[in-house]
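One file, entry.pdb, is given below (PDB, C-alpha atoms).
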ATOM      1  CA  ALA A 107     125.828  80.080  27.643
ATOM      2  CA  GLN A 108     122.568  81.559  26.403
ATOM      3  CA  ARG A 109     121.949  85.231  27.081
ATOM      4  CA  VAL A 110     119.388  87.764  25.892
ATOM      5  CA  THR A 111     119.712  91.492  26.455
ATOM      6  CA  GLN A 112     116.963  94.044  26.060
ATOM      7  CA  PRO A 113     118.645  97.372  26.749
ATOM      8  CA  GLU A 114     115.468  99.411  27.251
ATOM      9  CA  LYS A 115     113.234  98.628  30.224
ATOM     10  CA  LEU A 116     110.794 101.373  29.233
ATOM     11  CA  LEU A 117     109.890 102.756  25.816
ATOM     12  CA  SER A 118     107.288 105.416  25.176
ATOM     13  CA  VAL A 119     106.083 106.557  21.734
ATOM     14  CA  PHE A 120     103.109 108.400  20.298
ATOM     15  CA  LYS A 121     100.391 106.722  18.283
ATOM     16  CA  GLY A 122     101.360 106.496  14.631
ATOM     17  CA  ALA A 123     105.089 106.752  15.300
ATOM     18  CA  PRO A 124     107.517 103.973  14.393
ATOM     19  CA  VAL A 125     108.680 101.746  17.187
ATOM     20  CA  GLU A 126     111.723  99.513  17.562
ATOM     21  CA  LEU A 127     112.337  97.270  20.539
ATOM     22  CA  LYS A 128     115.929  96.132  20.703
ATOM     23  CA  CYS A 129     117.144  92.630  21.441
ATOM     24  CA  ASN A 130     120.681  91.275  21.398
ATOM     25  CA  TYR A 131     121.672  87.725  22.138
ATOM     26  CA  SER A 132     124.632  85.453  22.668
ATOM     27  CA  TYR A 133     124.553  81.771  21.837
ATOM     28  CA  SER A 134     127.146  79.314  20.573
ATOM     29  CA  GLY A 135     125.205  77.757  17.749
ATOM     30  CA  SER A 136     122.105  78.432  15.684
ATOM     31  CA  PRO A 137     119.367  79.662  17.993
ATOM     32  CA  GLU A 138     115.672  80.002  17.571
ATOM     33  CA  LEU A 139     114.550  83.556  18.395
ATOM     34  CA  PHE A 140     111.121  84.618  19.606
ATOM     35  CA  TRP A 141     109.236  87.678  20.703
ATOM     36  CA  TYR A 142     106.628  87.182  23.399
ATOM     37  CA  VAL A 143     104.089  89.806  24.480
ATOM     38  CA  GLN A 144     102.213  90.176  27.738
ATOM     39  CA  TYR A 145      99.228  92.512  27.723
ATOM     40  CA  SER A 146      97.931  93.806  31.036
ATOM     41  CA  ARG A 147      96.435  90.985  33.105
ATOM     42  CA  GLN A 148      96.927  88.426  30.339
ATOM     43  CA  ARG A 149      99.214  85.452  29.866
ATOM     44  CA  LEU A 150     102.473  85.507  27.965
ATOM     45  CA  GLN A 151     101.727  85.057  24.258
ATOM     46  CA  LEU A 152     103.955  84.204  21.347
ATOM     47  CA  LEU A 153     104.129  87.184  18.977
ATOM     48  CA  LEU A 154     106.793  86.202  16.466
ATOM     49  CA  ARG A 155     109.332  83.476  15.781
ATOM     50  CA  HIS A 156     112.166  84.160  13.390
ATOM     51  CA  ILE A 157     111.960  80.805  11.648
ATOM     52  CA  SER A 158     108.513  81.558  10.223
ATOM     53  CA  ARG A 159     109.433  85.066   9.004
ATOM     54  CA  GLU A 160     105.871  86.246   9.579
ATOM     55  CA  SER A 161     104.317  89.580  10.419
ATOM     56  CA  ILE A 162     101.872  89.637  13.311
ATOM     57  CA  LYS A 163      99.809  92.717  14.209
ATOM     58  CA  GLY A 164     102.090  94.743  11.939
ATOM     59  CA  PHE A 165     105.243  93.722  13.840
ATOM     60  CA  THR A 166     108.275  92.254  12.109
ATOM     61  CA  ALA A 167     111.650  91.115  13.376
ATOM     62  CA  ASP A 168     114.744  90.246  11.389
ATOM     63  CA  LEU A 169     117.476  88.014  12.707
ATOM     64  CA  ASN A 170     120.891  89.627  12.145
ATOM     65  CA  LYS A 171     123.443  86.941  12.878
ATOM     66  CA  GLY A 172     126.372  89.295  12.303
ATOM     67  CA  GLU A 173     125.176  91.712  14.962
ATOM     68  CA  THR A 174     123.468  88.945  17.006
ATOM     69  CA  SER A 175     120.320  91.008  17.122
ATOM     70  CA  PHE A 176     116.618  90.374  16.698
ATOM     71  CA  HIS A 177     114.981  93.785  16.957
ATOM     72  CA  LEU A 178     111.188  94.079  16.852
ATOM     73  CA  LYS A 179     109.763  96.798  14.630
ATOM     74  CA  LYS A 180     106.442  98.320  13.725
ATOM     75  CA  PRO A 181     106.095 101.282  11.357
ATOM     76  CA  PHE A 182     103.004 102.813  12.970
ATOM     77  CA  ALA A 183     102.377 102.110  16.661
ATOM     78  CA  GLN A 184      98.830 101.770  17.989
ATOM     79  CA  GLU A 185      97.578 102.325  21.537
ATOM     80  CA  GLU A 186      96.643  98.637  21.801
ATOM     81  CA  ASP A 187     100.313  97.764  21.321
ATOM     82  CA  SER A 188     101.015  98.972  24.856
ATOM     83  CA  ALA A 189     102.331  95.901  26.665
ATOM     84  CA  MET A 190     105.439  94.185  28.021
ATOM     85  CA  TYR A 191     107.563  92.628  25.300
ATOM     86  CA  TYR A 192     110.082  89.860  25.911
ATOM     87  CA  CYS A 193     112.715  88.645  23.525
ATOM     88  CA  ALA A 194     113.599  84.969  24.007
ATOM     89  CA  LEU A 195     116.111  82.492  22.662
ATOM     90  CA  SER A 196     116.042  78.732  22.402
ATOM     91  CA  GLY A 197     118.423  76.070  21.206
ATOM     92  CA  LEU A 198     116.979  73.545  18.839
ATOM     93  CA  LYS A 199     117.166  70.224  20.621
ATOM     94  CA  GLY A 200     116.770  68.520  23.953
ATOM     95  CA  SER A 201     117.658  70.497  27.034
ATOM     96  CA  GLY A 202     118.884  73.313  24.815
ATOM     97  CA  SER A 203     115.332  73.967  23.713
ATOM     98  CA  ARG A 204     114.576  75.807  26.944
ATOM     99  CA  LEU A 205     113.740  79.484  26.577
ATOM    100  CA  THR A 206     116.064  82.170  27.840
ATOM    101  CA  PHE A 207     114.297  85.497  28.226
ATOM    102  CA  GLY A 208     115.479  89.054  28.300
ATOM    103  CA  GLU A 209     114.364  91.383  31.075
ATOM    104  CA  GLY A 210     111.592  92.803  28.938
ATOM    105  CA  THR A 211     110.664  96.204  27.541
ATOM    106  CA  GLN A 212     107.496  97.952  28.672
ATOM    107  CA  LEU A 213     106.086  99.717  25.624
ATOM    108  CA  THR A 214     103.641 102.553  26.136
ATOM    109  CA  VAL A 215     101.897 104.067  23.127
ATOM    110  CA  ASN A 216     100.443 107.458  23.958
ATOM    111  CA  PRO A 217      97.408 108.927  22.169
TER     112      PRO A 217
ATOM    113  CA  GLU B 148      95.409  78.764  21.563
ATOM    114  CA  THR B 149      94.887  78.447  25.351
ATOM    115  CA  GLY B 150      95.782  74.798  25.903
ATOM    116  CA  VAL B 151      97.812  75.204  29.113
ATOM    117  CA  THR B 152      96.036  75.634  32.435
ATOM    118  CA  GLN B 153      97.619  76.174  35.836
ATOM    119  CA  SER B 154      96.265  75.839  39.357
ATOM    120  CA  PRO B 155      95.886  77.452  41.731
ATOM    121  CA  THR B 156      95.975  81.013  40.382
ATOM    122  CA  HIS B 157      97.072  82.497  43.680
ATOM    123  CA  LEU B 158      98.622  80.992  46.785
ATOM    124  CA  ILE B 159      99.954  82.274  50.094
ATOM    125  CA  LYS B 160     102.371  80.132  52.086
ATOM    126  CA  THR B 161     104.490  80.556  55.175
ATOM    127  CA  ARG B 162     108.271  80.421  55.098
ATOM    128  CA  GLY B 163     109.467  76.852  55.584
ATOM    129  CA  GLN B 164     106.349  75.245  54.164
ATOM    130  CA  GLN B 165     106.115  73.121  51.052
ATOM    131  CA  VAL B 166     104.007  73.879  47.961
ATOM    132  CA  THR B 167     102.841  71.995  44.875
ATOM    133  CA  LEU B 168     101.817  73.856  41.741
ATOM    134  CA  ARG B 169      99.997  72.097  38.925
ATOM    135  CA  CYS B 170      99.885  72.420  35.164
ATOM    136  CA  SER B 171      97.779  70.739  32.523
ATOM    137  CA  SER B 172      99.325  70.894  29.065
ATOM    138  CA  GLN B 173      97.756  70.644  25.670
ATOM    139  CA  SER B 174      97.354  67.084  24.428
ATOM    140  CA  GLY B 175     100.405  66.030  22.419
ATOM    141  CA  HIS B 176     102.770  68.497  24.079
ATOM    142  CA  ASN B 177     105.480  66.152  25.298
ATOM    143  CA  THR B 178     107.796  68.884  26.548
ATOM    144  CA  VAL B 179     106.902  71.006  29.561
ATOM    145  CA  SER B 180     108.991  73.713  31.153
ATOM    146  CA  TRP B 181     108.600  75.696  34.349
ATOM    147  CA  TYR B 182     109.697  79.297  34.815
ATOM    148  CA  GLN B 183     109.902  81.676  37.748
ATOM    149  CA  GLN B 184     109.073  85.310  37.067
ATOM    150  CA  ALA B 185     109.938  87.710  39.841
ATOM    151  CA  LEU B 186     108.365  91.143  39.816
ATOM    152  CA  GLY B 187     109.834  93.354  37.104
ATOM    153  CA  GLN B 188     111.982  90.599  35.621
ATOM    154  CA  GLY B 189     111.812  88.206  32.708
ATOM    155  CA  PRO B 190     110.926  84.560  33.291
ATOM    156  CA  GLN B 191     113.810  82.418  34.568
ATOM    157  CA  PHE B 192     114.066  78.783  33.510
ATOM    158  CA  ILE B 193     113.654  76.296  36.383
ATOM    159  CA  PHE B 194     113.575  72.927  34.624
ATOM    160  CA  GLN B 195     112.161  71.037  31.690
ATOM    161  CA  TYR B 196     110.617  67.604  31.268
ATOM    162  CA  TYR B 197     110.330  65.503  28.142
ATOM    163  CA  ARG B 198     108.226  62.334  28.214
ATOM    164  CA  GLU B 199     108.294  62.306  32.038
ATOM    165  CA  GLU B 200     112.074  62.676  32.376
ATOM    166  CA  GLU B 201     113.909  65.824  33.404
ATOM    167  CA  ASN B 202     116.125  66.932  30.520
ATOM    168  CA  GLY B 203     117.305  70.349  31.578
ATOM    169  CA  ARG B 204     117.635  72.435  34.708
ATOM    170  CA  GLY B 205     118.379  76.073  35.425
ATOM    171  CA  ASN B 206     120.180  77.599  38.407
ATOM    172  CA  PHE B 207     117.674  76.560  41.033
ATOM    173  CA  PRO B 208     118.428  74.525  44.180
ATOM    174  CA  PRO B 209     117.306  70.911  44.604
ATOM    175  CA  ARG B 210     114.384  71.973  46.789
ATOM    176  CA  PHE B 211     112.716  72.850  43.461
ATOM    177  CA  SER B 212     111.573  69.573  41.956
ATOM    178  CA  GLY B 213     109.042  68.426  39.427
ATOM    179  CA  LEU B 214     107.098  65.623  37.876
ATOM    180  CA  GLN B 215     105.495  65.080  34.497
ATOM    181  CA  PHE B 216     102.704  62.545  34.038
ATOM    182  CA  PRO B 217     101.572  60.551  30.972
ATOM    183  CA  ASN B 218      98.320  62.531  30.775
ATOM    184  CA  TYR B 219     100.228  65.750  29.897
ATOM    185  CA  SER B 220      99.934  67.150  33.409
ATOM    186  CA  SER B 221     102.897  68.197  35.511
ATOM    187  CA  GLU B 222     103.817  69.508  38.948
ATOM    188  CA  LEU B 223     106.329  71.890  40.429
ATOM    189  CA  ASN B 224     107.193  71.222  44.062
ATOM    190  CA  VAL B 225     109.081  73.634  46.250
ATOM    191  CA  ASN B 226     110.257  72.596  49.710
ATOM    192  CA  ALA B 227     111.406  74.782  52.588
ATOM    193  CA  LEU B 228     109.915  77.928  51.094
ATOM    194  CA  GLU B 229     111.884  81.137  51.388
ATOM    195  CA  LEU B 230     110.645  84.712  51.102
ATOM    196  CA  ASP B 231     112.539  85.091  47.799
ATOM    197  CA  ASP B 232     110.451  82.295  46.296
ATOM    198  CA  SER B 233     107.588  84.771  46.039
ATOM    199  CA  ALA B 234     106.988  85.084  42.296
ATOM    200  CA  LEU B 235     104.767  84.158  39.380
ATOM    201  CA  TYR B 236     105.400  80.556  38.323
ATOM    202  CA  LEU B 237     104.756  79.799  34.685
ATOM    203  CA  CYS B 238     104.267  76.486  32.965
ATOM    204  CA  ALA B 239     104.892  76.206  29.224
ATOM    205  CA  SER B 240     104.565  73.298  26.838
ATOM    206  CA  ARG B 241     105.235  72.587  23.210
ATOM    207  CA  TRP B 242     105.106  70.039  20.409
ATOM    208  CA  GLU B 243     108.203  68.011  19.570
ATOM    209  CA  VAL B 244     108.336  69.123  15.961
ATOM    210  CA  LEU B 245     108.772  72.527  14.354
ATOM    211  CA  PRO B 246     107.761  75.188  15.116
ATOM    212  CA  TYR B 247     109.288  75.116  18.570
ATOM    213  CA  GLY B 248     107.108  77.843  20.052
ATOM    214  CA  TYR B 249     105.953  77.297  23.604
ATOM    215  CA  THR B 250     102.426  77.904  24.861
ATOM    216  CA  PHE B 251     102.291  79.432  28.314
ATOM    217  CA  GLY B 252      99.773  79.110  31.099
ATOM    218  CA  SER B 253      98.509  82.114  33.053
ATOM    219  CA  GLY B 254     100.714  81.258  35.980
ATOM    220  CA  THR B 255     100.422  80.778  39.732
ATOM    221  CA  ARG B 256     101.172  83.795  41.893
ATOM    222  CA  LEU B 257     102.964  82.476  44.986
ATOM    223  CA  THR B 258     103.446  84.721  47.997
ATOM    224  CA  VAL B 259     105.649  83.519  50.841
ATOM    225  CA  VAL B 260     105.190  85.347  54.138
TER     226      VAL B 260
END
Would you put the structure from the file into structure tokens?
Amino acid sequence: AQRVTQPEKLLSVFKGAPVELKCNYSYSGSPELFWYVQYSRQRLQLLLRHISRESIKGFTADLNKGETSFHLKKPFAQEEDSAMYYCALSGLKGSGSRLTFGEGTQLTVNP
Amino acid sequence: ETGVTQSPTHLIKTRGQQVTLRCSSQSGHNTVSWYQQALGQGPQFIFQYYREEENGRGNFPPRFSGLQFPNYSSELNVNALELDDSALYLCASRWEVLPYGYTFGSGTRLTVV
């Protein structure tokens, strides 16, 4: 079974502080991991995917297969980062390619 | 990239009625998935279609059904609406090849009264 856990529903930091949004997963195989972001009144947008190992808007995420984690990090948070963040997992083929989402973490960056 | 559009944006229905939600995917996106997002929760997978055939289903009853058409449009149908069906319904589509990232629509907010 596919499962994604985001232990923090709410996270509040000050501008310029480091931020880490936690994500743990369970999957019997090699999953594809994603971070999606939803800004206020906007659609769900893809932020990062682990396979491309990219950095978007200063965010990075490293897949740790030993700890089955895919935490999202940013060294210096900005007010415009305030949003709902969802970690998601997908298998690679066929029906397994559906996305399984965590419950989400609401990040608030205070001035 | 905003290649997925959903209609209507908002809808109010009465318990027991039937509803059809529509999605238009980006050209070339052969896979389309539907998700239900209740308030304060992450999206929950309903089902997925690939080249007009259902190839995956989540824990939703048979009264949730769908169709995918050759022109990259799709539908989600819900019969015998219940109050708990009130949610944001999201459509997402993707290419067949890597990367596997999905593009989401803005959703349809369904309220059942």
Near chain A, which residues of chain B fall within 10 Å when you count only C-alpha atoms, and what do they look like as a CSV table (one decimal) with C-alpha atoms, keeping the file's coordinate frame?
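File written: iface.csv
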chain,number,residue,atom,x,y,z
B,148,GLU,CA,95.4,78.8,21.6
B,149,THR,CA,94.9,78.4,25.4
B,178,THR,CA,107.8,68.9,26.5
B,179,VAL,CA,106.9,71.0,29.6
B,180,SER,CA,109.0,73.7,31.2
B,181,TRP,CA,108.6,75.7,34.3
B,182,TYR,CA,109.7,79.3,34.8
B,187,GLY,CA,109.8,93.4,37.1
B,188,GLN,CA,112.0,90.6,35.6
B,189,GLY,CA,111.8,88.2,32.7
B,190,PRO,CA,110.9,84.6,33.3
B,191,GLN,CA,113.8,82.4,34.6
B,192,PHE,CA,114.1,78.8,33.5
B,193,ILE,CA,113.7,76.3,36.4
B,194,PHE,CA,113.6,72.9,34.6
B,195,GLN,CA,112.2,71.0,31.7
B,196,TYR,CA,110.6,67.6,31.3
B,197,TYR,CA,110.3,65.5,28.1
B,201,GLU,CA,113.9,65.8,33.4
B,202,ASN,CA,116.1,66.9,30.5
B,203,GLY,CA,117.3,70.3,31.6
B,204,ARG,CA,117.6,72.4,34.7
B,205,GLY,CA,118.4,76.1,35.4
B,237,LEU,CA,104.8,79.8,34.7
B,239,ALA,CA,104.9,76.2,29.2
B,243,GLU,CA,108.2,68.0,19.6
B,245,LEU,CA,108.8,72.5,14.4
B,246,PRO,CA,107.8,75.2,15.1
B,247,TYR,CA,109.3,75.1,18.6
B,248,GLY,CA,107.1,77.8,20.1
B,249,TYR,CA,106.0,77.3,23.6
B,250,THR,CA,102.4,77.9,24.9
B,251,PHE,CA,102.3,79.4,28.3
B,252,GLY,CA,99.8,79.1,31.1
B,253,SER,CA,98.5,82.1,33.1
B,254,GLY,CA,100.7,81.3,36.0
Practice prompt. Write out as a ChimeraX atom specification which residues come within 10 Å of Pro155 (chain B) when counting only C-alpha atoms, dropping same-chain ones fewer than 5 positions away.
Written response: /B:167-170,254-257
Worksheet entry | the PyMOL selection byres ((chain A and resi 180-189) around 10) resolved against shown file, as an MDAnalysis selection string | chainID A and resid 117:127 143:146 148 161:167 178:179 190:192 211:217
Item to complete: Show which residues sit within 9 Å of Leu230 (chain B), as a count of residues only. Count all atoms listed in the file, and ignore same-chain residues fewer than 4 positions away.
Response: 5
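When you apply the PyMOL selection byres ((chain B and resi 226) around 8) to this structure, what comes back is Gly163, Gln164, Gln165, Val166, Arg210, Phe211, Asn224, Val225, Ala227 and Leu228 of chain B.
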Writing out the chosen residues with C-alpha atoms as a compact mmCIF listing (two decimals), in the frame of the given file:
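Done, and the output landed in out_25.txt:
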# COMPACT_ATOMS: atom_id res chain seq x y z
CA GLY B 163 109.47 76.85 55.58
CA GLN B 164 106.35 75.24 54.16
CA GLN B 165 106.12 73.12 51.05
CA VAL B 166 104.01 73.88 47.96
CA ARG B 210 114.38 71.97 46.79
CA PHE B 211 112.72 72.85 43.46
CA ASN B 224 107.19 71.22 44.06
CA VAL B 225 109.08 73.63 46.25
CA ALA B 227 111.41 74.78 52.59
CA LEU B 228 109.92 77.93 51.09
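Between CA of Asn130 (chain A) and CA of Gln112 (chain A) the interatomic distance comes to 6.6 Å.
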Item to complete: Determine the nearest neighbour of Tyr133 (chain A) from the options A:Arg159, A:His177, A:Lys171, A:Leu116, counting all atoms listed in the file.
Response: A:Lys171
Practice prompt. Would you write out, as number ranges by chain, every residue that the PyMOL selection byres ((chain A and resi 108) around 6) captures in this file?
Written response: A: 107, 109, 132-133
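Nearest to Ala234 (chain B) of all the residues B:Gln184, B:Leu158, B:Ser221, B:Pro208 is B:Gln184, counting all atoms listed in the file.
Among the candidates B:Asn177, B:Thr152, B:Ser212, B:Ser172, the one nearest to Glu199 (chain B) when counting only C-alpha atoms is B:Asn177.
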Worksheet entry | Pairwise distance for CA of Tyr236 (chain B) and CA of Gly135 (chain A), rounded to one decimal in Å | 28.7 Å
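We find CA of Gln183 (chain B) and CA of Glu222 (chain B) to be spaced 13.7 Å apart.
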